[in-house]
There are 2 protein chains.
Amino acid sequence: METRVPPAASRADAERLDRRDRLALCRRRFVLPAGVVYLDGNSLGALPATVAPRLERVIGREWGEQLVRSWNDPWIDVPRSVATKVARLLGADPADVVVADSVSVNLFKLLAAALALRPERRLVLVPENDFPTDVYVARGLAELLAGRAAVKAVAEAELADHLDGDVAVLSLSHVDFKSGRRRDMAGLTAAAHACGALALWDLSHSAGVLDLDLEAAGVDLAVGCGYKYLNGGPGAPSFLYVAPRHQERARSPIWGWLGHADYMAFEPAYRPAPGVERFSCGTWPILSLAAFDAALDAFDGADMGLVEEKAGALGGLLIERLEQRCAAFPLEVVSPRDPARRGAHVAVRHPQAYAVMQALKARGVIGDFRTPDLMRFGLAPLYLRYADVWDAVEILHEVLATASWDRPEHHRRQRIT
Amino acid sequence: METRVPPAASRADAERLDRRDRLALCRRRFVLPAGVVYLDGNSLGALPATVAPRLERVIGREWGEQLVRSWNDPWIDVPRSVATKVARLLGADPADVVVADSVSVNLFKLLAAALALRPERRLVLVPENDFPTDVYVARGLAELLAGRAAVKAVAEAELADHLDGDVAVLSLSHVDFKSGRRRDMAGLTAAAHACGALALWDLSHSAGVLDLDLEAAGVDLAVGCGYKYLNGGPGAPSFLYVAPRHQERARSPIWGWLGHADYMAFEPAYRPAPGVERFSCGTWPILSLAAFDAALDAFDGADMGLVEEKAGALGGLLIERLEQRCAAFPLEVVSPRDPARRGAHVAVRHPQAYAVMQALKARGVIGDFRTPDLMRFGLAPLYLRYADVWDAVEILHEVLATASWDRPEHHRRQRIT
């Protein structure tokens with residue numbers, strides 16, 4: 001699907017696109033610093049304006065004044081509220097989503113559940129270029145299971161060839177964290193099912209920007225991140241999804257009290273809660289969940305079809321401008337041109353990517369760097385304008401045109417992000 | 001060790017004890033609602049005054065204005081700061097403590113590590129009356145390991161008899177969540193070592209109130225809770241401890257990116273970080289960690305010997321007053337009299353415990369209820385006064401003397417806490 005948004009040949013064109021943007025009102029729901037073009041929502045989403053007042057209330061009134069009484073009202077309802085809001089963005093029923101723990105822990109839980117759902121099979125099949133942590137988690141589980149599971153990492157293009165009767169679960173990211181390439185969720189899920197395997201998708205780089213429909217795609221299991229395009233705040237809790245057809249048999253390997261069928265009874269024996277709630281675990285992190293809950297209101301009324309379309313159009317404009325304006329410089333767009341094959345970030349290779357990104361940041365254009373030579377520009381449709389993309393490329397052109405990129409200080413390593 | 005604090009025979013005596021209390025200044029570090037005697041710090045610690053301004057800064061300035069740049073400064077340093085403050089309260093070196101995830105997840109990680117450290121043994125030995133979640137987590141891990149591990153739950157008094165060559169790890173709470181009874185950490189750890197087993201302690205009900213010395217007690221592994229006596233806020237992250245002698249060989253079963261030796265390199269292969277940091281896992285929950293970090297400053301300068309002594313004295317006063325003032329009512333103190341054998345809460349049995357606690361709460365005395373017939377009164381030494389304990393018993397006496405406790409509405413079940 002090509003985007004219906006026409007290209008912009010001037011900044012005035014870009015401003016015209018912004019005026020016609022049906023998501024423009026969402027930008028006012030964010031607190032954005034002046035003088036900054038924020039192209040790193042794929043790493044840490046911007047701050048929704050609802051978060052600070054919500055946390056002020058949670059801390060001051062609910063914790064400070066009401067103390068432990070707030071567990072019965074309102075904290076007990078916060079995790080369901082978050083799950084319900086996330087579910088809409090996934091094309092899932094709220095009853096099939098839980099928000100808890102980190103992506104790593106949720107992936108561990110679901111991989112263990114998947115292997116137990118296919119007890120006669122032992123392979124976790126992953127693309128060898130998948131997000132490294134996801135592969136680490138699978139390998140750690142396989143080591144723990146000592147022979148009852150193994151990870152098979154194969155080249156992206158050969159994934160389908162390796163789907164056979166030994167594969168318990170195909171586990172992979174929907175949008176590649178480096179290239180921004182989008183994988184064929186429905187097609188690969190169907191291929192997994194054709195050989196009797198399950199499909200587990202990591203939606204960290206697609207939830208909140210793509211028009212997901214987990215049910216239509218037949219997805220079995222999914223995890224994803226709360227702090228990227230969902231804007232839940234640094235280190236926000238993660239979500240997980242279990243298709244209803246697996247819920248009765250799927251078991252979490254970590255039997256925390258909030259996954260118990262009657263968690264206040266403190267029974268000696270563990271009985272898993274009905275449905276997906278059994279994948280809850282330890283005590284809910286209320287401060288983080290309340291921030292996430294407030295943040296998700298930035299999506300109120302936002303049609304996810306429009307959101308995906310705008311992500312594609314912003315990326316298309318960025319690529320077009322990079323190639324026109326910066327043709328004289330050694331930039332290489334790594335992401336697919338076709339927006340239907342892309343997520344919401346555009347990755348660009350440059351021999352001095354780290355240093356160029358530092359210079360961009362110094363001028364208020366914030367993207368990020370991935371070793372060894374990639375710059376990533378995230379295009380969060382809720383708060384970015386076409387004019388922002390235009391300006392970012394103008395500033396990049398200035399940076400590339402005015403500096404020398406071969407000095408040794410340009411080779412420093414980053415600390416984090 | 002009997003407490004050196006003399007008993008109080010009148011409210012004036014209690015006030016005199018408060019005036020002489022060397023921890024009295026700590027109370028001013030908390031925001032406490034008027035008209036409330038808060039005896040539930042064992043479930044949710046009260047709000048330290050530093051938390052709200054810290055979160056306002058983290059959200060408004062660090063997240064909102066600085067955005068992703070805050071990861072490099074200051075967020076990357078927050079987890080270490082929290083671990084360092086917690087370590088002092090444990091009698092541990094900061095290098096041996098990590099703060100991450102929930103108690104359930106940390107217990108899962110450490111139990112798996114313990115079993116791998118004793119590969120020729122398969123038993124996790126637990127007291128049958130231990131905190132149910134801790135036993136659930138052990139049983140869930142054993143189920144996952146299918147035959148390579150099993151949980152043996154035995155009567156408290158027989159624990160030592162079951163320490164034999166099959167036991168990989170003795171796993172138990174330091175302070176019992178119901179009775180408040182304190183277990184002999186050094187003695188049981190030595191008994192475990194004598195048979196070649198490891199000892200894993202859950203410090204959820206002792207960290208922040210007892211004068212712990214994990215190193216002196218020879219403890220191998222420990223976990224604990226951030227939101228009880230450490231006042232980290234609802235669902236605060238948990239801590240874990242690994243003795244230095246085990247750190248090189250101990251492995252976390254959940255290979256999250258922050259446990260990697262070079263987490264920003266995104267290497268294809270997992271290499272565990274040196275030391276205890278390998279037990280870090282997913283992205284740090286910064287909002288929760290920042291709140292916890294600020295909250296721990298309430299312990300600044302507080303000598304943990306004094307804190308434990310005051311916990312014992314507050315508990316002693318409560319027990320004494322209950323037995324003197326409420327002798328006519330069917331109350332039974334379940335906790336040990338000897339403060340050296342008690343944690344910082346006192347458990348009291350009453351046939352209508354749920355209803356009595358509801359009536360107490362309506363009068364501003366907040367403790368909690370544990371099914372079927374226990375009331376728990378937590379005595380957090382940092383913010384409780386001797387006069388508060390005096391007043392609580394007076395109000396309890398009023399409640400017991402004026403109401404009828406056999407009406408059916410007194411039998412409702414609680415939702416949470």
# chains A, B, ... in the order shown; residues from 1 in each chain; ligands from 1
$ interface_residues --of "chain A" --to "chain B" --cutoff "6 Å" --atoms "only C-alpha atoms" --output "PDB file with N, CA and C atoms, in the first residue's frame"
ATOM      1  N   PRO A  33       9.709  19.919  24.219  1.00  0.00           N
ATOM      2  CA  PRO A  33      10.577  21.075  24.464  1.00  0.00           C
ATOM      3  C   PRO A  33      10.716  21.939  23.213  1.00  0.00           C
ATOM      4  N   LEU A  44      12.501   6.213  23.201  1.00  0.00           N
ATOM      5  CA  LEU A  44      11.725   6.682  24.353  1.00  0.00           C
ATOM      6  C   LEU A  44      10.668   7.644  23.838  1.00  0.00           C
ATOM      7  N   LEU A  47       6.706  12.811  26.281  1.00  0.00           N
ATOM      8  CA  LEU A  47       5.891  12.880  27.505  1.00  0.00           C
ATOM      9  C   LEU A  47       4.469  13.371  27.206  1.00  0.00           C
ATOM     10  N   GLY A  64       0.203   8.922  49.534  1.00  0.00           N
ATOM     11  CA  GLY A  64       0.478   9.694  50.743  1.00  0.00           C
ATOM     12  C   GLY A  64      -0.691   9.739  51.708  1.00  0.00           C
ATOM     13  N   GLU A  65      -1.882  10.038  51.198  1.00  0.00           N
ATOM     14  CA  GLU A  65      -3.024  10.221  52.104  1.00  0.00           C
ATOM     15  C   GLU A  65      -3.810   8.935  52.327  1.00  0.00           C
ATOM     16  N   VAL A  68      -2.325   2.394  52.129  1.00  0.00           N
ATOM     17  CA  VAL A  68      -2.593   1.047  51.620  1.00  0.00           C
ATOM     18  C   VAL A  68      -4.052   0.887  51.149  1.00  0.00           C
ATOM     19  N   ASN A  72      -7.369  -1.190  47.127  1.00  0.00           N
ATOM     20  CA  ASN A  72      -8.739  -1.583  46.752  1.00  0.00           C
ATOM     21  C   ASN A  72      -9.362  -0.613  45.779  1.00  0.00           C
ATOM     22  N   SER A 102       8.930  -6.777  32.259  1.00  0.00           N
ATOM     23  CA  SER A 102       9.649  -6.212  31.113  1.00  0.00           C
ATOM     24  C   SER A 102       9.435  -7.101  29.891  1.00  0.00           C
ATOM     25  N   SER A 104      11.711  -8.618  28.261  1.00  0.00           N
ATOM     26  CA  SER A 104      12.544  -9.817  28.443  1.00  0.00           C
ATOM     27  C   SER A 104      11.819 -10.878  29.266  1.00  0.00           C
ATOM     28  N   PRO A 132      18.912  -8.624  19.445  1.00  0.00           N
ATOM     29  CA  PRO A 132      19.770  -9.557  20.203  1.00  0.00           C
ATOM     30  C   PRO A 132      19.156 -10.039  21.514  1.00  0.00           C
ATOM     31  N   THR A 133      18.532  -9.124  22.286  1.00  0.00           N
ATOM     32  CA  THR A 133      17.984  -9.576  23.561  1.00  0.00           C
ATOM     33  C   THR A 133      16.979 -10.697  23.386  1.00  0.00           C
ATOM     34  N   TYR A 136      18.883 -13.723  23.050  1.00  0.00           N
ATOM     35  CA  TYR A 136      19.487 -14.093  24.350  1.00  0.00           C
ATOM     36  C   TYR A 136      18.456 -14.803  25.233  1.00  0.00           C
ATOM     37  N   VAL A 137      17.274 -14.223  25.323  1.00  0.00           N
ATOM     38  CA  VAL A 137      16.259 -14.779  26.224  1.00  0.00           C
ATOM     39  C   VAL A 137      15.908 -16.204  25.799  1.00  0.00           C
ATOM     40  N   GLY A 140      18.834 -18.428  26.747  1.00  0.00           N
ATOM     41  CA  GLY A 140      18.878 -18.639  28.197  1.00  0.00           C
ATOM     42  C   GLY A 140      17.851 -19.673  28.632  1.00  0.00           C
ATOM     43  N   PRO A 234      10.138   6.065  30.672  1.00  0.00           N
ATOM     44  CA  PRO A 234      11.375   5.271  30.664  1.00  0.00           C
ATOM     45  C   PRO A 234      11.231   3.978  31.464  1.00  0.00           C
ATOM     46  N   GLY A 235      11.429   2.843  30.777  1.00  0.00           N
ATOM     47  CA  GLY A 235      11.305   1.556  31.454  1.00  0.00           C
ATOM     48  C   GLY A 235       9.886   1.164  31.792  1.00  0.00           C
ATOM     49  N   ALA A 236       8.894   1.713  31.065  1.00  0.00           N
ATOM     50  CA  ALA A 236       7.484   1.379  31.325  1.00  0.00           C
ATOM     51  C   ALA A 236       7.280  -0.134  31.235  1.00  0.00           C
ATOM     52  N   PRO A 253       5.752 -19.916  33.412  1.00  0.00           N
ATOM     53  CA  PRO A 253       6.717 -20.641  34.233  1.00  0.00           C
ATOM     54  C   PRO A 253       7.019 -19.936  35.554  1.00  0.00           C
ATOM     55  N   ILE A 254       6.598 -18.669  35.675  1.00  0.00           N
ATOM     56  CA  ILE A 254       6.889 -17.913  36.907  1.00  0.00           C
ATOM     57  C   ILE A 254       5.567 -17.719  37.644  1.00  0.00           C
ATOM     58  N   TRP A 255       5.395 -18.509  38.700  1.00  0.00           N
ATOM     59  CA  TRP A 255       4.104 -18.577  39.378  1.00  0.00           C
ATOM     60  C   TRP A 255       3.987 -17.505  40.455  1.00  0.00           C
ATOM     61  N   GLY A 256       3.919 -16.266  40.040  1.00  0.00           N
ATOM     62  CA  GLY A 256       3.780 -15.173  40.998  1.00  0.00           C
ATOM     63  C   GLY A 256       2.367 -15.095  41.557  1.00  0.00           C
ATOM     64  N   TRP A 257       2.237 -14.389  42.677  1.00  0.00           N
ATOM     65  CA  TRP A 257       0.946 -14.396  43.381  1.00  0.00           C
ATOM     66  C   TRP A 257      -0.179 -13.768  42.573  1.00  0.00           C
ATOM     67  N   PHE A 266      -4.105 -16.565  49.663  1.00  0.00           N
ATOM     68  CA  PHE A 266      -2.816 -17.092  50.133  1.00  0.00           C
ATOM     69  C   PHE A 266      -2.888 -18.607  50.354  1.00  0.00           C
ATOM     70  N   PRO A 268      -2.015 -22.518  49.987  1.00  0.00           N
ATOM     71  CA  PRO A 268      -0.697 -23.171  49.870  1.00  0.00           C
ATOM     72  C   PRO A 268      -0.393 -23.627  48.437  1.00  0.00           C
ATOM     73  N   TYR A 270      -0.644 -23.465  44.238  1.00  0.00           N
ATOM     74  CA  TYR A 270      -0.838 -22.538  43.124  1.00  0.00           C
ATOM     75  C   TYR A 270      -1.935 -23.061  42.212  1.00  0.00           C
ATOM     76  N   GLY A 282       4.437 -10.698  39.807  1.00  0.00           N
ATOM     77  CA  GLY A 282       4.641 -10.002  41.071  1.00  0.00           C
ATOM     78  C   GLY A 282       3.712  -8.796  41.197  1.00  0.00           C
ATOM     79  N   THR A 283       3.805  -8.140  42.355  1.00  0.00           N
ATOM     80  CA  THR A 283       2.964  -6.979  42.635  1.00  0.00           C
ATOM     81  C   THR A 283       3.091  -5.933  41.528  1.00  0.00           C
ATOM     82  N   TRP A 284       1.946  -5.420  41.102  1.00  0.00           N
ATOM     83  CA  TRP A 284       1.916  -4.451  40.011  1.00  0.00           C
ATOM     84  C   TRP A 284       2.699  -3.176  40.369  1.00  0.00           C
ATOM     85  N   PRO A 285       3.547  -2.716  39.467  1.00  0.00           N
ATOM     86  CA  PRO A 285       4.300  -1.473  39.720  1.00  0.00           C
ATOM     87  C   PRO A 285       3.406  -0.271  39.448  1.00  0.00           C
ATOM     88  N   ILE A 286       2.717   0.184  40.482  1.00  0.00           N
ATOM     89  CA  ILE A 286       1.626   1.148  40.302  1.00  0.00           C
ATOM     90  C   ILE A 286       2.109   2.488  39.757  1.00  0.00           C
ATOM     91  N   ILE A 416      24.474   4.785  26.735  1.00  0.00           N
ATOM     92  CA  ILE A 416      23.191   4.091  26.615  1.00  0.00           C
ATOM     93  C   ILE A 416      22.314   4.857  25.639  1.00  0.00           C
TER      94      ILE A 416
END
$ residues_around --residues "Leu214 (chain A)" --least-positions-apart "5" --cutoff "7 Å" --atoms "only C-alpha atoms" --output "PyMOL selection string"
chain A and resi 90-92+219
$ write_last_selection --atoms "C-alpha atoms" --output "PDB file, in the first residue's frame"
ATOM      1  CA  LEU A  90      -3.059  -4.301  18.875  1.00  0.00           C
ATOM      2  CA  GLY A  91      -6.333  -5.344  17.318  1.00  0.00           C
ATOM      3  CA  ALA A  92      -6.903  -7.635  20.271  1.00  0.00           C
ATOM      4  CA  VAL A 219      -0.995 -14.574  15.962  1.00  0.00           C
TER       5      VAL A 219
END
$ closest_residue --among "A:Glu320, A:Asp391, A:Asp211, A:Asp176" --to "Ala9 (chain A)" --atoms "only C-alpha atoms"
A:Glu320
$ select_by_dssp --residues "region 52-162 of chain B" --states "helix (DSSP H, G or I)" --output "PyMOL selection string"
chain B and resi 52-65+67-71+75-90+94-96+103-117+132-145+156-158+160-162
$ write_last_selection --atoms "C-alpha atoms" --output "JSON list (two decimals), in the first residue's frame"
[["chain", "number", "residue", "atom", "x", "y", "z"],
["B", 52, "ALA", "CA", 6.94, 13.79, 44.94],
["B", 53, "PRO", "CA", 9.54, 16.47, 44.09],
["B", 54, "ARG", "CA", 11.86, 13.82, 42.66],
["B", 55, "LEU", "CA", 9.17, 12.40, 40.38],
["B", 56, "GLU", "CA", 8.11, 15.87, 39.35],
["B", 57, "ARG", "CA", 11.68, 16.48, 38.20],
["B", 58, "VAL", "CA", 12.06, 13.07, 36.56],
["B", 59, "ILE", "CA", 8.84, 13.48, 34.60],
["B", 60, "GLY", "CA", 8.91, 17.18, 33.82],
["B", 61, "ARG", "CA", 12.56, 17.93, 33.25],
["B", 62, "GLU", "CA", 14.28, 14.60, 32.61],
["B", 63, "TRP", "CA", 11.63, 12.89, 30.53],
["B", 64, "GLY", "CA", 9.70, 15.86, 29.16],
["B", 65, "GLU", "CA", 12.54, 18.27, 28.34],
["B", 67, "LEU", "CA", 13.86, 13.15, 26.58],
["B", 68, "VAL", "CA", 16.05, 10.21, 25.59],
["B", 69, "ARG", "CA", 19.20, 12.17, 26.50],
["B", 70, "SER", "CA", 18.40, 11.53, 30.17],
["B", 71, "TRP", "CA", 19.42, 7.89, 29.80],
["B", 75, "TRP", "CA", 19.08, 7.64, 34.56],
["B", 76, "ILE", "CA", 21.95, 5.26, 33.92],
["B", 77, "ASP", "CA", 23.16, 5.90, 37.48],
["B", 78, "VAL", "CA", 19.83, 5.42, 39.27],
["B", 79, "PRO", "CA", 19.86, 1.60, 39.60],
["B", 80, "ARG", "CA", 23.33, 1.65, 41.21],
["B", 81, "SER", "CA", 22.30, 4.43, 43.54],
["B", 82, "VAL", "CA", 19.30, 2.42, 44.74],
["B", 83, "ALA", "CA", 21.38, -0.75, 45.13],
["B", 84, "THR", "CA", 23.99, 1.13, 47.16],
["B", 85, "LYS", "CA", 21.41, 2.51, 49.57],
["B", 86, "VAL", "CA", 19.70, -0.86, 49.94],
["B", 87, "ALA", "CA", 23.02, -2.64, 50.49],
["B", 88, "ARG", "CA", 23.75, -0.62, 53.64],
["B", 89, "LEU", "CA", 20.45, -1.76, 55.14],
["B", 90, "LEU", "CA", 21.33, -5.40, 54.40],
["B", 94, "PRO", "CA", 26.84, -2.47, 47.14],
["B", 95, "ALA", "CA", 28.64, -4.56, 44.51],
["B", 96, "ASP", "CA", 26.64, -7.59, 45.61],
["B", 103, "VAL", "CA", 10.38, -10.41, 44.23],
["B", 104, "SER", "CA", 8.76, -13.28, 42.32],
["B", 105, "VAL", "CA", 10.99, -12.82, 39.29],
["B", 106, "ASN", "CA", 14.12, -12.35, 41.40],
["B", 107, "LEU", "CA", 13.32, -15.44, 43.43],
["B", 108, "PHE", "CA", 12.86, -17.39, 40.20],
["B", 109, "LYS", "CA", 16.24, -16.17, 38.95],
["B", 110, "LEU", "CA", 18.08, -17.02, 42.16],
["B", 111, "LEU", "CA", 16.45, -20.42, 42.66],
["B", 112, "ALA", "CA", 17.46, -21.36, 39.12],
["B", 113, "ALA", "CA", 20.97, -20.08, 39.79],
["B", 114, "ALA", "CA", 21.15, -22.03, 43.05],
["B", 115, "LEU", "CA", 20.11, -25.29, 41.39],
["B", 116, "ALA", "CA", 22.76, -24.77, 38.71],
["B", 117, "LEU", "CA", 25.39, -24.12, 41.41],
["B", 132, "PRO", "CA", 2.78, -18.94, 49.56],
["B", 133, "THR", "CA", 4.12, -17.06, 46.55],
["B", 134, "ASP", "CA", 7.67, -18.06, 47.37],
["B", 135, "VAL", "CA", 6.61, -21.70, 47.37],
["B", 136, "TYR", "CA", 4.61, -21.21, 44.14],
["B", 137, "VAL", "CA", 7.66, -19.78, 42.40],
["B", 138, "ALA", "CA", 9.80, -22.72, 43.52],
["B", 139, "ARG", "CA", 7.16, -25.21, 42.36],
["B", 140, "GLY", "CA", 6.77, -23.44, 39.02],
["B", 141, "LEU", "CA", 10.50, -23.65, 38.44],
["B", 142, "ALA", "CA", 10.51, -27.33, 39.40],
["B", 143, "GLU", "CA", 7.70, -28.01, 36.94],
["B", 144, "LEU", "CA", 9.63, -26.19, 34.23],
["B", 145, "LEU", "CA", 12.75, -28.23, 35.00],
["B", 156, "GLU", "CA", 9.04, -25.56, 60.29],
["B", 157, "ALA", "CA", 10.42, -27.52, 63.24],
["B", 158, "GLU", "CA", 11.76, -30.28, 61.00],
["B", 160, "ALA", "CA", 17.08, -29.04, 59.92],
["B", 161, "ASP", "CA", 16.23, -32.76, 59.83],
["B", 162, "HIS", "CA", 15.66, -32.56, 56.08]]
$ residues_around --residues "Val356 (chain B)" --least-positions-apart "4" --cutoff "8 Å" --atoms "only C-alpha atoms" --output "PDB file with N, CA, C and O atoms, in the first residue's frame"
ATOM      1  N   GLN B 352     -13.425 -12.367  64.691  1.00  0.00           N
ATOM      2  CA  GLN B 352     -13.990 -11.474  63.678  1.00  0.00           C
ATOM      3  C   GLN B 352     -12.920 -10.493  63.207  1.00  0.00           C
ATOM      4  O   GLN B 352     -13.163  -9.284  63.090  1.00  0.00           O
ATOM      5  N   LEU B 360     -11.559  -0.573  62.843  1.00  0.00           N
ATOM      6  CA  LEU B 360     -10.358   0.188  63.212  1.00  0.00           C
ATOM      7  C   LEU B 360     -10.007   1.195  62.110  1.00  0.00           C
ATOM      8  O   LEU B 360      -9.690   2.354  62.383  1.00  0.00           O
ATOM      9  N   VAL B 399     -13.402   0.013  69.927  1.00  0.00           N
ATOM     10  CA  VAL B 399     -14.062  -0.781  68.886  1.00  0.00           C
ATOM     11  C   VAL B 399     -14.611  -2.074  69.478  1.00  0.00           C
ATOM     12  O   VAL B 399     -15.771  -2.450  69.243  1.00  0.00           O
ATOM     13  N   LEU B 400     -13.778  -2.751  70.237  1.00  0.00           N
ATOM     14  CA  LEU B 400     -14.193  -4.052  70.776  1.00  0.00           C
ATOM     15  C   LEU B 400     -15.304  -3.893  71.806  1.00  0.00           C
ATOM     16  O   LEU B 400     -16.177  -4.755  71.928  1.00  0.00           O
ATOM     17  N   TRP B 405     -20.004  -8.186  67.144  1.00  0.00           N
ATOM     18  CA  TRP B 405     -19.158  -8.740  66.066  1.00  0.00           C
ATOM     19  C   TRP B 405     -19.711  -9.994  65.432  1.00  0.00           C
ATOM     20  O   TRP B 405     -18.990 -10.754  64.825  1.00  0.00           O
TER      21      TRP B 405
END
